[in-house]
Amino acid sequence: MINERRLLSVAGTSAQRAVQAGIGLFFVAVGTAVVLLPLIADGYLLRVIGEENECTISGDIPPGSLPPELQECLAQGSWSDLGGFGPARFIGLLGLPFALLGLYLTLRALRAGAWLQANTLGVRGAFRTRTVDLSRAEVTVGAMTPPGPATRSLPTLVARDPGTGGRITLPLHSPNLAPLPPAELRALADAMTTGRTDGDVDVQTIARQLRTMAENPLRL
């Protein structure tokens, strides 16, 4: 068997990935702006609504000898001087989910991919890469519903390493919802059945289904 890495068509073209990364960066920019703008404008907003601390004292009067109201006023002023949170700054926290979502979308667009090398299937997500030996894995079929108006479910291949318990899911379609190319489906079927006996009925059945999909890509 040729030990050559075969890329699988699950991540889209370079143009599609660039568009997805651009959308992610847009979310990062919007979320970051929502976080930073209140921090910058907080002092101005406090002055506009008249809530900025204006209490001052003259001379070297010990703070402990001041009336309680003035001590509290000075304490609030020192908190603001150290960069304490005014009411407007808490609004900026609403931008964190957008920034984190954008970061995830960007990393997924730049990193996402899958490959088959000999019998080893590798799937790379936004933050980690997982691999499993299909010739030894517990292989089942799953389904996923793509986003958008389409309601039909699309098949996925689920492989679980019996030794480590690690599991990966591979969509059996490209980003434009077309089935994987016939050569890739046959390669997955061959990797699954290498070294398997006929008694491993479930995996043999899944492999036959993959080969059937490869023989009829247009579903005519």
# chains A, B, ... in the order shown; residues from 1 in each chain; ligands from 1
$ residues_around --residues "Ala109 in chain A" --least-positions-apart "6" --cutoff "8 Å" --atoms "only C-alpha atoms" --output "PDB file with N, CA, C and O atoms, in the first residue's frame"
ATOM      1  N   ALA A  11     -13.187  20.353   3.070  1.00  0.00           N
ATOM      2  CA  ALA A  11     -12.880  21.684   3.592  1.00  0.00           C
ATOM      3  C   ALA A  11     -13.185  22.807   2.621  1.00  0.00           C
ATOM      4  O   ALA A  11     -13.091  23.976   2.986  1.00  0.00           O
ATOM      5  N   ARG A  17     -12.743  29.028   1.632  1.00  0.00           N
ATOM      6  CA  ARG A  17     -12.122  29.177   2.945  1.00  0.00           C
ATOM      7  C   ARG A  17     -11.787  30.638   3.227  1.00  0.00           C
ATOM      8  O   ARG A  17     -11.905  31.111   4.357  1.00  0.00           O
ATOM      9  N   ALA A  18     -11.374  31.379   2.182  1.00  0.00           N
ATOM     10  CA  ALA A  18     -11.065  32.791   2.361  1.00  0.00           C
ATOM     11  C   ALA A  18     -12.314  33.573   2.750  1.00  0.00           C
ATOM     12  O   ALA A  18     -12.272  34.460   3.608  1.00  0.00           O
ATOM     13  N   GLN A  20     -14.978  32.337   4.301  1.00  0.00           N
ATOM     14  CA  GLN A  20     -15.326  31.960   5.664  1.00  0.00           C
ATOM     15  C   GLN A  20     -14.418  32.647   6.676  1.00  0.00           C
ATOM     16  O   GLN A  20     -14.881  33.122   7.722  1.00  0.00           O
ATOM     17  N   ALA A  21     -13.120  32.720   6.364  1.00  0.00           N
ATOM     18  CA  ALA A  21     -12.195  33.403   7.263  1.00  0.00           C
ATOM     19  C   ALA A  21     -12.523  34.891   7.343  1.00  0.00           C
ATOM     20  O   ALA A  21     -12.433  35.509   8.420  1.00  0.00           O
ATOM     21  N   ALA A 126     -10.913  23.315  14.431  1.00  0.00           N
ATOM     22  CA  ALA A 126     -10.451  24.673  14.702  1.00  0.00           C
ATOM     23  C   ALA A 126      -9.298  24.688  15.694  1.00  0.00           C
ATOM     24  O   ALA A 126      -8.395  25.525  15.595  1.00  0.00           O
TER      25      ALA A 126
END
$ residues_around --residues "range 93-106 of chain A" --least-positions-apart "2" --cutoff "8 Å" --atoms "only C-alpha atoms" --output "tab-separated table (two decimals) with N, CA and C atoms, in the first residue's frame"
chain	number	residue	atom	x	y	z
A	20	GLN	N	-14.98	32.34	4.30
A	20	GLN	CA	-15.33	31.96	5.66
A	20	GLN	C	-14.42	32.65	6.68
A	21	ALA	N	-13.12	32.72	6.36
A	21	ALA	CA	-12.19	33.40	7.26
A	21	ALA	C	-12.52	34.89	7.34
A	22	GLY	N	-12.92	35.49	6.22
A	22	GLY	CA	-13.30	36.90	6.23
A	22	GLY	C	-14.51	37.16	7.10
A	23	ILE	N	-15.49	36.26	7.05
A	23	ILE	CA	-16.67	36.40	7.92
A	23	ILE	C	-16.26	36.31	9.39
A	24	GLY	N	-15.37	35.36	9.68
A	24	GLY	CA	-14.90	35.22	11.06
A	24	GLY	C	-14.16	36.47	11.53
A	25	LEU	N	-13.31	37.03	10.70
A	25	LEU	CA	-12.58	38.24	11.07
A	25	LEU	C	-13.53	39.42	11.26
A	26	PHE	N	-14.61	39.46	10.49
A	26	PHE	CA	-15.60	40.52	10.67
A	26	PHE	C	-16.22	40.43	12.06
A	27	PHE	N	-16.57	39.22	12.49
A	27	PHE	CA	-17.12	39.04	13.83
A	27	PHE	C	-16.11	39.43	14.90
A	28	VAL	N	-14.83	39.07	14.67
A	28	VAL	CA	-13.79	39.46	15.63
A	28	VAL	C	-13.70	40.98	15.74
A	29	ALA	N	-13.73	41.66	14.60
A	29	ALA	CA	-13.62	43.12	14.61
A	29	ALA	C	-14.81	43.76	15.31
A	30	VAL	N	-16.02	43.27	15.01
A	30	VAL	CA	-17.21	43.84	15.65
A	30	VAL	C	-17.19	43.58	17.15
A	31	GLY	N	-16.88	42.36	17.55
A	31	GLY	CA	-16.84	42.05	18.98
A	31	GLY	C	-15.78	42.85	19.71
A	32	THR	N	-14.60	43.00	19.11
A	32	THR	CA	-13.53	43.77	19.74
A	32	THR	C	-13.93	45.23	19.88
A	33	ALA	N	-14.59	45.77	18.85
A	33	ALA	CA	-15.04	47.17	18.91
A	33	ALA	C	-16.06	47.37	20.02
A	34	VAL	N	-16.98	46.41	20.16
A	34	VAL	CA	-17.99	46.52	21.22
A	34	VAL	C	-17.33	46.47	22.60
A	35	VAL	N	-16.25	45.70	22.73
A	35	VAL	CA	-15.56	45.61	24.01
A	35	VAL	C	-14.77	46.88	24.30
A	89	ARG	N	-18.97	50.41	30.92
A	89	ARG	CA	-17.95	49.41	30.58
A	89	ARG	C	-18.51	48.00	30.59
A	90	PHE	N	-19.53	47.77	31.40
A	90	PHE	CA	-20.12	46.43	31.42
A	90	PHE	C	-20.81	46.11	30.10
A	91	ILE	N	-21.25	47.14	29.37
A	91	ILE	CA	-21.88	46.90	28.07
A	91	ILE	C	-20.89	46.24	27.12
A	108	ARG	N	-11.39	27.75	12.18
A	108	ARG	CA	-11.96	26.59	11.49
A	108	ARG	C	-11.77	26.70	9.99
A	109	ALA	N	-11.94	27.93	9.45
A	109	ALA	CA	-11.76	28.11	8.01
A	109	ALA	C	-10.31	27.88	7.59
A	110	LEU	N	-9.37	28.31	8.42
A	110	LEU	CA	-7.96	28.21	8.07
A	110	LEU	C	-7.39	26.81	8.34
A	126	ALA	N	-10.91	23.32	14.43
A	126	ALA	CA	-10.45	24.67	14.70
A	126	ALA	C	-9.30	24.69	15.69
$ atom_distance --atom1 "CA of Leu134 in chain A" --atom2 "CA of Pro181 in chain A"
18.8 Å
$ residues_around --residues "Asp200 in chain A" --least-positions-apart "5" --cutoff "12 Å" --atoms "only C-alpha atoms" --output "count of residues only"
12
$ residues_around --residues "Val158 in chain A" --least-positions-apart "3" --cutoff "6 Å" --atoms "only C-alpha atoms" --output "VMD selection string"
chain A and resid 139 to 141 168 to 169
$ atom_distance --atom1 "CA of Leu36 in chain A" --atom2 "CA of Gly92 in chain A"
6.6 Å
$ residues_around --residues "Gly12 in chain A" --least-positions-apart "5" --cutoff "9 Å" --atoms "only C-alpha atoms" --output "PyMOL selection string"
chain A and resi 17+113+174-176
$ decode --residues "range 12-39 of chain A" --atoms "N, CA and C atoms" --output "PDB file, in the first residue's frame"
ATOM      1  N   GLY A  12     -13.537  22.511   1.396  1.00  0.00           N
ATOM      2  CA  GLY A  12     -13.849  23.569   0.444  1.00  0.00           C
ATOM      3  C   GLY A  12     -12.611  24.069  -0.276  1.00  0.00           C
ATOM      4  N   THR A  13     -12.837  24.903  -1.272  1.00  0.00           N
ATOM      5  CA  THR A  13     -11.744  25.470  -2.053  1.00  0.00           C
ATOM      6  C   THR A  13     -11.082  26.611  -1.287  1.00  0.00           C
ATOM      7  N   SER A  14      -9.972  27.071  -1.818  1.00  0.00           N
ATOM      8  CA  SER A  14      -9.273  28.198  -1.185  1.00  0.00           C
ATOM      9  C   SER A  14     -10.152  29.440  -1.137  1.00  0.00           C
ATOM     10  N   ALA A  15     -10.928  29.672  -2.203  1.00  0.00           N
ATOM     11  CA  ALA A  15     -11.813  30.840  -2.233  1.00  0.00           C
ATOM     12  C   ALA A  15     -12.900  30.727  -1.162  1.00  0.00           C
ATOM     13  N   GLN A  16     -13.483  29.528  -1.012  1.00  0.00           N
ATOM     14  CA  GLN A  16     -14.513  29.345   0.011  1.00  0.00           C
ATOM     15  C   GLN A  16     -13.941  29.544   1.407  1.00  0.00           C
ATOM     16  N   ARG A  17     -12.743  29.028   1.632  1.00  0.00           N
ATOM     17  CA  ARG A  17     -12.122  29.177   2.945  1.00  0.00           C
ATOM     18  C   ARG A  17     -11.787  30.638   3.227  1.00  0.00           C
ATOM     19  N   ALA A  18     -11.374  31.379   2.182  1.00  0.00           N
ATOM     20  CA  ALA A  18     -11.065  32.791   2.361  1.00  0.00           C
ATOM     21  C   ALA A  18     -12.314  33.573   2.750  1.00  0.00           C
ATOM     22  N   VAL A  19     -13.445  33.242   2.110  1.00  0.00           N
ATOM     23  CA  VAL A  19     -14.700  33.917   2.457  1.00  0.00           C
ATOM     24  C   VAL A  19     -15.091  33.601   3.902  1.00  0.00           C
ATOM     25  N   GLN A  20     -14.978  32.337   4.301  1.00  0.00           N
ATOM     26  CA  GLN A  20     -15.326  31.960   5.664  1.00  0.00           C
ATOM     27  C   GLN A  20     -14.418  32.647   6.676  1.00  0.00           C
ATOM     28  N   ALA A  21     -13.120  32.720   6.364  1.00  0.00           N
ATOM     29  CA  ALA A  21     -12.195  33.403   7.263  1.00  0.00           C
ATOM     30  C   ALA A  21     -12.523  34.891   7.343  1.00  0.00           C
ATOM     31  N   GLY A  22     -12.923  35.490   6.216  1.00  0.00           N
ATOM     32  CA  GLY A  22     -13.301  36.899   6.225  1.00  0.00           C
ATOM     33  C   GLY A  22     -14.508  37.157   7.104  1.00  0.00           C
ATOM     34  N   ILE A  23     -15.493  36.265   7.055  1.00  0.00           N
ATOM     35  CA  ILE A  23     -16.667  36.405   7.923  1.00  0.00           C
ATOM     36  C   ILE A  23     -16.259  36.307   9.390  1.00  0.00           C
ATOM     37  N   GLY A  24     -15.369  35.360   9.681  1.00  0.00           N
ATOM     38  CA  GLY A  24     -14.896  35.224  11.056  1.00  0.00           C
ATOM     39  C   GLY A  24     -14.162  36.469  11.534  1.00  0.00           C
ATOM     40  N   LEU A  25     -13.314  37.027  10.696  1.00  0.00           N
ATOM     41  CA  LEU A  25     -12.582  38.241  11.065  1.00  0.00           C
ATOM     42  C   LEU A  25     -13.532  39.420  11.260  1.00  0.00           C
ATOM     43  N   PHE A  26     -14.606  39.460  10.490  1.00  0.00           N
ATOM     44  CA  PHE A  26     -15.601  40.524  10.672  1.00  0.00           C
ATOM     45  C   PHE A  26     -16.220  40.431  12.064  1.00  0.00           C
ATOM     46  N   PHE A  27     -16.572  39.217  12.494  1.00  0.00           N
ATOM     47  CA  PHE A  27     -17.124  39.042  13.833  1.00  0.00           C
ATOM     48  C   PHE A  27     -16.109  39.426  14.899  1.00  0.00           C
ATOM     49  N   VAL A  28     -14.828  39.074  14.671  1.00  0.00           N
ATOM     50  CA  VAL A  28     -13.786  39.455  15.629  1.00  0.00           C
ATOM     51  C   VAL A  28     -13.695  40.976  15.740  1.00  0.00           C
ATOM     52  N   ALA A  29     -13.733  41.664  14.600  1.00  0.00           N
ATOM     53  CA  ALA A  29     -13.623  43.123  14.607  1.00  0.00           C
ATOM     54  C   ALA A  29     -14.811  43.764  15.314  1.00  0.00           C
ATOM     55  N   VAL A  30     -16.016  43.273  15.012  1.00  0.00           N
ATOM     56  CA  VAL A  30     -17.209  43.837  15.655  1.00  0.00           C
ATOM     57  C   VAL A  30     -17.186  43.581  17.154  1.00  0.00           C
ATOM     58  N   GLY A  31     -16.876  42.361  17.551  1.00  0.00           N
ATOM     59  CA  GLY A  31     -16.835  42.051  18.976  1.00  0.00           C
ATOM     60  C   GLY A  31     -15.777  42.849  19.713  1.00  0.00           C
ATOM     61  N   THR A  32     -14.598  42.996  19.110  1.00  0.00           N
ATOM     62  CA  THR A  32     -13.534  43.770  19.740  1.00  0.00           C
ATOM     63  C   THR A  32     -13.928  45.233  19.875  1.00  0.00           C
ATOM     64  N   ALA A  33     -14.594  45.771  18.851  1.00  0.00           N
ATOM     65  CA  ALA A  33     -15.041  47.170  18.908  1.00  0.00           C
ATOM     66  C   ALA A  33     -16.061  47.367  20.021  1.00  0.00           C
ATOM     67  N   VAL A  34     -16.975  46.414  20.160  1.00  0.00           N
ATOM     68  CA  VAL A  34     -17.985  46.520  21.218  1.00  0.00           C
ATOM     69  C   VAL A  34     -17.330  46.469  22.596  1.00  0.00           C
ATOM     70  N   VAL A  35     -16.255  45.698  22.729  1.00  0.00           N
ATOM     71  CA  VAL A  35     -15.555  45.614  24.013  1.00  0.00           C
ATOM     72  C   VAL A  35     -14.770  46.885  24.305  1.00  0.00           C
ATOM     73  N   LEU A  36     -14.088  47.430  23.308  1.00  0.00           N
ATOM     74  CA  LEU A  36     -13.158  48.541  23.546  1.00  0.00           C
ATOM     75  C   LEU A  36     -13.833  49.903  23.603  1.00  0.00           C
ATOM     76  N   LEU A  37     -14.846  50.116  22.773  1.00  0.00           N
ATOM     77  CA  LEU A  37     -15.432  51.451  22.714  1.00  0.00           C
ATOM     78  C   LEU A  37     -15.991  51.920  24.059  1.00  0.00           C
ATOM     79  N   PRO A  38     -16.734  51.101  24.806  1.00  0.00           N
ATOM     80  CA  PRO A  38     -17.198  51.576  26.115  1.00  0.00           C
ATOM     81  C   PRO A  38     -16.058  51.875  27.072  1.00  0.00           C
ATOM     82  N   LEU A  39     -14.956  51.123  26.996  1.00  0.00           N
ATOM     83  CA  LEU A  39     -13.822  51.395  27.870  1.00  0.00           C
ATOM     84  C   LEU A  39     -13.230  52.765  27.574  1.00  0.00           C
TER      85      LEU A  39
END
